[in-house]
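One structure below.
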Amino acid sequence: MAAAHIDMQARTAAWSGRFNEAMDERLLGYNASIPFDYRLALHDIRASIAHARMLAAQAIIPQPDFAVIEQGLLGIAQDIRDGTFQWSRALEDVHFNIERRLTERIGDAGKRLHTARSRNDQVATSMRLYLREAIAGIRQRIRHLQRAFVEQASQHADLLMPGFTHLQVAQPVTFGHHLMAYFEMLERDDGRFGDCATRLNQLPLGSAALAGTSFPIDREAVAHELGFDGVTRNSMDSVSDRDFVLEFLAAAAVLMIHLSRLSEELILWSSSAFGFVALPDRFCTGSSIMPQKKNPDIPELARAKAGRMLGLLTGAMAMMKAQPLAYNKDNQETQEAMFDAEQVLVTTLEVFTGLVAGLQPNASRMLAAADAGYATATDLADLLVRRSIPFRDAHEVVARVVRQAEAQGCPLAGLGEEVIATLMAQTLGIELQRARSILGDDLQRVLSVRGSAESRSHTGGTAPEAVRREVARARQLLNAAPGL
Ligand code: ARG
């Protein structure tokens, strides 16, 4: 929808009959939600048409009025899509703006639309309709980003790199395995948004201001027309509940935390100290003073936007926590968090899909880093354990081997079998000959970064073979996902 054109001139408010003086100029801006809630307009109109159809079917309004209301609302929807609708701040919110315009267009029939409802159940309905659609768009973008991870992982299932704990080199992993970790996180994110969309899909309309209505309404018919799974069961809860916004923001915060962790890695990996990946030029910026710089602005921004998202969640929770039942105007403020979060998610997911697809790993830098960090020490310990040395003893042997390698400034594989056998014999108090035979003849393979990664081929392991299996599974999953 085009950005809102807002008429800032004060006009009479919809409830002005009750008041003796016009609204203070300062309150106009403070009270009005039209600068942000105009986004609900098309959903509001859809809900109004369903409501009016039901009112006519129940003989609450004359049948001919429904036809006129529907035509009027469809005309307004067209003006909104064309960007010609004039929003008025004095009319406070999207609901009053549309209702006033409807009456201007079609006369008295327009004044019948608001029978048996209140803005309280109206806004709750529009927000749910809006968020349901927003979530569908976000889930689709999550799928696109997952696809980018899967394609990169498929291409780099064999690529070796150090895996880290405490940001210290820990054990060799494959780049494909590392990337697929993000596929898994996004899979859970998708599930969280799905849960939120399922839970919010109950119609609150018919709750009216808070107590329901004395008219013989048919809520099920409205729910059916609007694609809700059912109707809410308590009118007071229905008009005051904004759990669906909180759940959405919580899912959004977790997703942004994931992308922030990825950002942190990309920032480190693309630094000259690591040199593991090059970010595509089209997603980087330069420095105005240092010609050599290529800056990772996009992951930095995402890391900051994750912080903003946590703020939106915390802010919205704080808005809700002290509200007595039922509706309070505090609720209006949760809309801004909802719209802002949606915009952050959509843009971040889209940018990251391109960024991830364009990552260029540097195989030799990754391998060198894995080799330099004694990343296969655990593999040596595991070898000794497989040959009946108790794990604690094996751990001690390997600790000495690492110390020796450190002293000589070489990788474990560079020490040579004789040195390792000697250290082992000394530590365990056994014959050198026996130490040699325990080590066997596959020591070099065990100590190699590739041998280490390849040996972890179980489900969930880092071996290229295991990564390829997960890639195939992920592709199946994505191909079965709706809308892709
Ligand atoms: N713009 C309002 C909101 O977003 C609509 C409901 C107003 N209800 C009221 N009782 N003032 O919450």
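FYI, nothing fancy with the structure tokens labels: chains A, B, ... in order, residues from 1 per chain, ligands from 1 as they appear.
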
Expected answer as an MDAnalysis selection string: residues within 10 Å of ligand 1, only C-alpha atoms and all ligand atoms: chainID A and resid 31:34 36:37 40 92:96 118:124 126:127 209:210 239:240 326:336

Would you please extract all strand (DSSP E) residues from region 275-434 of chain A, as assigned by DSSP on the backbone, and give them as number ranges by chain? A: 277-278, 285-286, 294-295, 360-361

For the residues selected in the previous step, produce a file with N, CA and C atoms as a PDB file, in the first residue's frame.
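Below is the file again_19.pdb, written as the result:
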ATOM      1  N   VAL A 277      36.000 -16.302   5.096  1.00  0.00           N
ATOM      2  CA  VAL A 277      35.047 -16.071   3.998  1.00  0.00           C
ATOM      3  C   VAL A 277      35.205 -14.663   3.459  1.00  0.00           C
ATOM      4  N   ALA A 278      34.842 -14.525   2.182  1.00  0.00           N
ATOM      5  CA  ALA A 278      34.688 -13.191   1.606  1.00  0.00           C
ATOM      6  C   ALA A 278      33.191 -12.955   1.458  1.00  0.00           C
ATOM      7  N   THR A 285      30.248  -2.353   2.201  1.00  0.00           N
ATOM      8  CA  THR A 285      30.494  -0.938   1.926  1.00  0.00           C
ATOM      9  C   THR A 285      31.979  -0.685   2.097  1.00  0.00           C
ATOM     10  N   GLY A 286      32.429   0.456   1.587  1.00  0.00           N
ATOM     11  CA  GLY A 286      33.832   0.830   1.740  1.00  0.00           C
ATOM     12  C   GLY A 286      33.973   1.922   2.777  1.00  0.00           C
ATOM     13  N   LYS A 294      36.858  -3.098   3.418  1.00  0.00           N
ATOM     14  CA  LYS A 294      35.583  -3.607   2.898  1.00  0.00           C
ATOM     15  C   LYS A 294      34.806  -4.009   4.144  1.00  0.00           C
ATOM     16  N   ASN A 295      33.804  -3.242   4.462  1.00  0.00           N
ATOM     17  CA  ASN A 295      33.169  -3.389   5.776  1.00  0.00           C
ATOM     18  C   ASN A 295      31.911  -4.259   5.756  1.00  0.00           C
ATOM     19  N   GLN A 360      31.728 -16.549  -0.071  1.00  0.00           N
ATOM     20  CA  GLN A 360      32.797 -17.300  -0.734  1.00  0.00           C
ATOM     21  C   GLN A 360      33.820 -17.737   0.313  1.00  0.00           C
ATOM     22  N   PRO A 361      33.799 -19.034   0.673  1.00  0.00           N
ATOM     23  CA  PRO A 361      34.749 -19.499   1.679  1.00  0.00           C
ATOM     24  C   PRO A 361      36.164 -19.602   1.123  1.00  0.00           C
TER      25      PRO A 361
END

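Counting only C-alpha atoms, region 403-412 of chain A has the following residues at most 7 Å away, ignoring those fewer than 5 positions along the same chain: Asp371, Ala372, Tyr374 and Leu447 of chain A.
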
So that I have them on file, write out the residues from the current selection with N, CA and C atoms, as a PDB file, in the first residue's frame.
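Result written to part_15.pdb:
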ATOM      1  N   ASP A 371      44.218 -26.911  11.304  1.00  0.00           N
ATOM      2  CA  ASP A 371      45.466 -27.646  11.532  1.00  0.00           C
ATOM      3  C   ASP A 371      46.289 -27.036  12.645  1.00  0.00           C
ATOM      4  N   ALA A 372      46.223 -25.726  12.759  1.00  0.00           N
ATOM      5  CA  ALA A 372      47.084 -25.030  13.716  1.00  0.00           C
ATOM      6  C   ALA A 372      46.598 -25.169  15.148  1.00  0.00           C
ATOM      7  N   TYR A 374      45.505 -27.842  17.022  1.00  0.00           N
ATOM      8  CA  TYR A 374      45.469 -29.160  17.697  1.00  0.00           C
ATOM      9  C   TYR A 374      44.057 -29.709  17.750  1.00  0.00           C
ATOM     10  N   LEU A 447      45.065 -38.418  13.085  1.00  0.00           N
ATOM     11  CA  LEU A 447      45.489 -37.061  13.443  1.00  0.00           C
ATOM     12  C   LEU A 447      45.160 -36.036  12.369  1.00  0.00           C
TER      13      LEU A 447
END

Taking only region 108-254 of chain A into account, list the residues labelled alpha helix (DSSP H) by DSSP (computed from the backbone), as JSON, numbers by chain. {"A": [108, 109, 110, 111, 112, 119, 120, 121, 122, 123, 124, 125, 126, 127, 128, 129, 130, 131, 132, 133, 134, 135, 136, 137, 138, 139, 140, 141, 142, 143, 144, 145, 146, 147, 148, 149, 150, 151, 152, 153, 154, 155, 175, 176, 177, 178, 179, 180, 181, 182, 183, 184, 185, 186, 187, 188, 189, 190, 191, 192, 193, 194, 195, 196, 197, 198, 199, 200, 219, 220, 221, 222, 223, 224, 225, 235, 236, 237, 238, 239, 240, 243, 244, 245, 246, 247, 248, 249, 250, 251, 252, 253, 254]}

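Taking CA of Thr459 (chain A) as the reference point, CA of Phe352 (chain A) is found at 27.6 Å.
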
Sorted by chain and rising residue number, list the residues of region 215-263 of chain A at most 10 Å from region 346-351 of chain A (counting only C-alpha atoms), each with its closest atom pair and distance in Å to one decimal, as CSV.
residue,atom,partner,partner_atom,distance
A:Leu255,CA,A:Leu349,CA,9.7
A:Met256,CA,A:Thr348,CA,8.6
A:Leu259,CA,A:Thr348,CA,8.6

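When only C-alpha atoms are used to measure the gap to Arg261 (chain A), the shortest distance among A:Glu187, A:Asp442, A:Asp108, A:Glu300 belongs to A:Glu300.
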
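Taking only C-alpha atoms into account, Asp218 (chain A) lies nearest to A:Leu205 out of the set A:Leu205, A:Val402, A:Val385, A:Leu367.
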
Excluding same-chain residues fewer than 2 positions from region 101-104 of chain A, what lies within 12 Å of it counting only C-alpha atoms, as number ranges by chain? A: 14, 45, 48-49, 65, 68-77, 79-80, 85-88, 91, 94-99, 106-114

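Candidate residues A:Arg117, A:Ser364, A:Thr198, A:Ala157 were compared for distance to Ser214 (chain A), and the nearest is A:Arg117, using only C-alpha atoms.
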
Which residues are close to region 136-144 of chain A, i.e. within 9 Å by only C-alpha atoms, leaving aside same-chain residues fewer than 5 positions away? Reply as a PyMOL selection string. chain A and resi 131+149+186-187+189-191+193-194+197+342+345-346+349-350+353+478+481-484

Could you write out the selected residues, including N, CA and C atoms, as an mmCIF file, in the first residue's frame?
data_model
loop_
_atom_site.group_PDB
_atom_site.id
_atom_site.type_symbol
_atom_site.label_atom_id
_atom_site.label_comp_id
_atom_site.auth_asym_id
_atom_site.auth_seq_id
_atom_site.Cartn_x
_atom_site.Cartn_y
_atom_site.Cartn_z
ATOM 1 N N LEU A 131 -1.819 -9.737 10.917
ATOM 2 C CA LEU A 131 -0.659 -10.506 11.370
ATOM 3 C C LEU A 131 -0.621 -11.894 10.728
ATOM 4 N N PHE A 149 21.045 -21.477 2.578
ATOM 5 C CA PHE A 149 21.961 -22.252 3.427
ATOM 6 C C PHE A 149 22.168 -23.658 2.861
ATOM 7 N N LEU A 186 16.487 -21.969 11.793
ATOM 8 C CA LEU A 186 15.396 -21.357 11.021
ATOM 9 C C LEU A 186 14.185 -22.276 10.948
ATOM 10 N N GLU A 187 14.444 -23.571 10.983
ATOM 11 C CA GLU A 187 13.340 -24.537 10.984
ATOM 12 C C GLU A 187 12.492 -24.351 12.252
ATOM 13 N N ASP A 189 12.379 -21.591 13.993
ATOM 14 C CA ASP A 189 11.745 -20.267 13.866
ATOM 15 C C ASP A 189 10.447 -20.379 13.085
ATOM 16 N N ASP A 190 10.528 -21.094 11.978
ATOM 17 C CA ASP A 190 9.346 -21.270 11.140
ATOM 18 C C ASP A 190 8.215 -21.911 11.956
ATOM 19 N N GLY A 191 8.565 -22.902 12.747
ATOM 20 C CA GLY A 191 7.559 -23.568 13.586
ATOM 21 C C GLY A 191 6.938 -22.615 14.599
ATOM 22 N N PHE A 193 6.586 -19.328 14.310
ATOM 23 C CA PHE A 193 5.644 -18.432 13.620
ATOM 24 C C PHE A 193 4.371 -19.190 13.246
ATOM 25 N N GLY A 194 4.539 -20.448 12.864
ATOM 26 C CA GLY A 194 3.370 -21.261 12.528
ATOM 27 C C GLY A 194 2.452 -21.429 13.737
ATOM 28 N N ALA A 197 0.566 -18.240 14.334
ATOM 29 C CA ALA A 197 -0.506 -18.028 13.352
ATOM 30 C C ALA A 197 -1.703 -18.932 13.648
ATOM 31 N N GLU A 342 7.698 -6.511 11.891
ATOM 32 C CA GLU A 342 7.471 -7.131 10.579
ATOM 33 C C GLU A 342 8.452 -6.554 9.556
ATOM 34 N N LEU A 345 11.964 -7.856 10.103
ATOM 35 C CA LEU A 345 12.110 -9.255 9.697
ATOM 36 C C LEU A 345 12.153 -9.396 8.180
ATOM 37 N N VAL A 346 11.233 -8.750 7.513
ATOM 38 C CA VAL A 346 11.148 -8.886 6.055
ATOM 39 C C VAL A 346 12.449 -8.416 5.410
ATOM 40 N N LEU A 349 15.540 -10.727 6.442
ATOM 41 C CA LEU A 349 15.521 -12.044 5.795
ATOM 42 C C LEU A 349 15.878 -11.922 4.316
ATOM 43 N N GLU A 350 15.350 -10.910 3.673
ATOM 44 C CA GLU A 350 15.629 -10.760 2.238
ATOM 45 C C GLU A 350 17.113 -10.480 1.992
ATOM 46 N N THR A 353 19.280 -13.568 2.617
ATOM 47 C CA THR A 353 19.183 -14.606 1.595
ATOM 48 C C THR A 353 20.227 -14.350 0.506
ATOM 49 N N LEU A 478 11.948 -28.578 2.130
ATOM 50 C CA LEU A 478 11.658 -27.289 1.485
ATOM 51 C C LEU A 478 10.743 -27.481 0.279
ATOM 52 N N ALA A 481 7.300 -27.676 1.408
ATOM 53 C CA ALA A 481 6.736 -26.505 2.117
ATOM 54 C C ALA A 481 5.805 -25.737 1.185
ATOM 55 N N PRO A 482 4.690 -25.252 1.726
ATOM 56 C CA PRO A 482 3.742 -24.532 0.867
ATOM 57 C C PRO A 482 4.355 -23.241 0.334
ATOM 58 N N GLY A 483 4.005 -22.910 -0.888
ATOM 59 C CA GLY A 483 4.367 -21.604 -1.447
ATOM 60 C C GLY A 483 5.793 -21.495 -1.942
ATOM 61 N N LEU A 484 6.473 -22.637 -2.161
ATOM 62 C CA LEU A 484 7.836 -22.530 -2.694
ATOM 63 C C LEU A 484 8.009 -23.377 -3.945
#

List the neighbours of Glu465 (chain A) out to 10 Å using only C-alpha atoms; skip same-chain residues closer than 4 positions along the sequence, and give me the result as a ChimeraX atom specification. /A:157-158,453-459,461,469-471

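Take CA of Phe175 (chain A) and CA of Leu159 (chain A): the distance between them is 5.4 Å.
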
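Restricting the calculation to only C-alpha atoms, the smallest distance between Val398 (chain A) and any of A:Leu383, A:Gly416, A:Glu220, A:Ala377 is found for A:Ala377.
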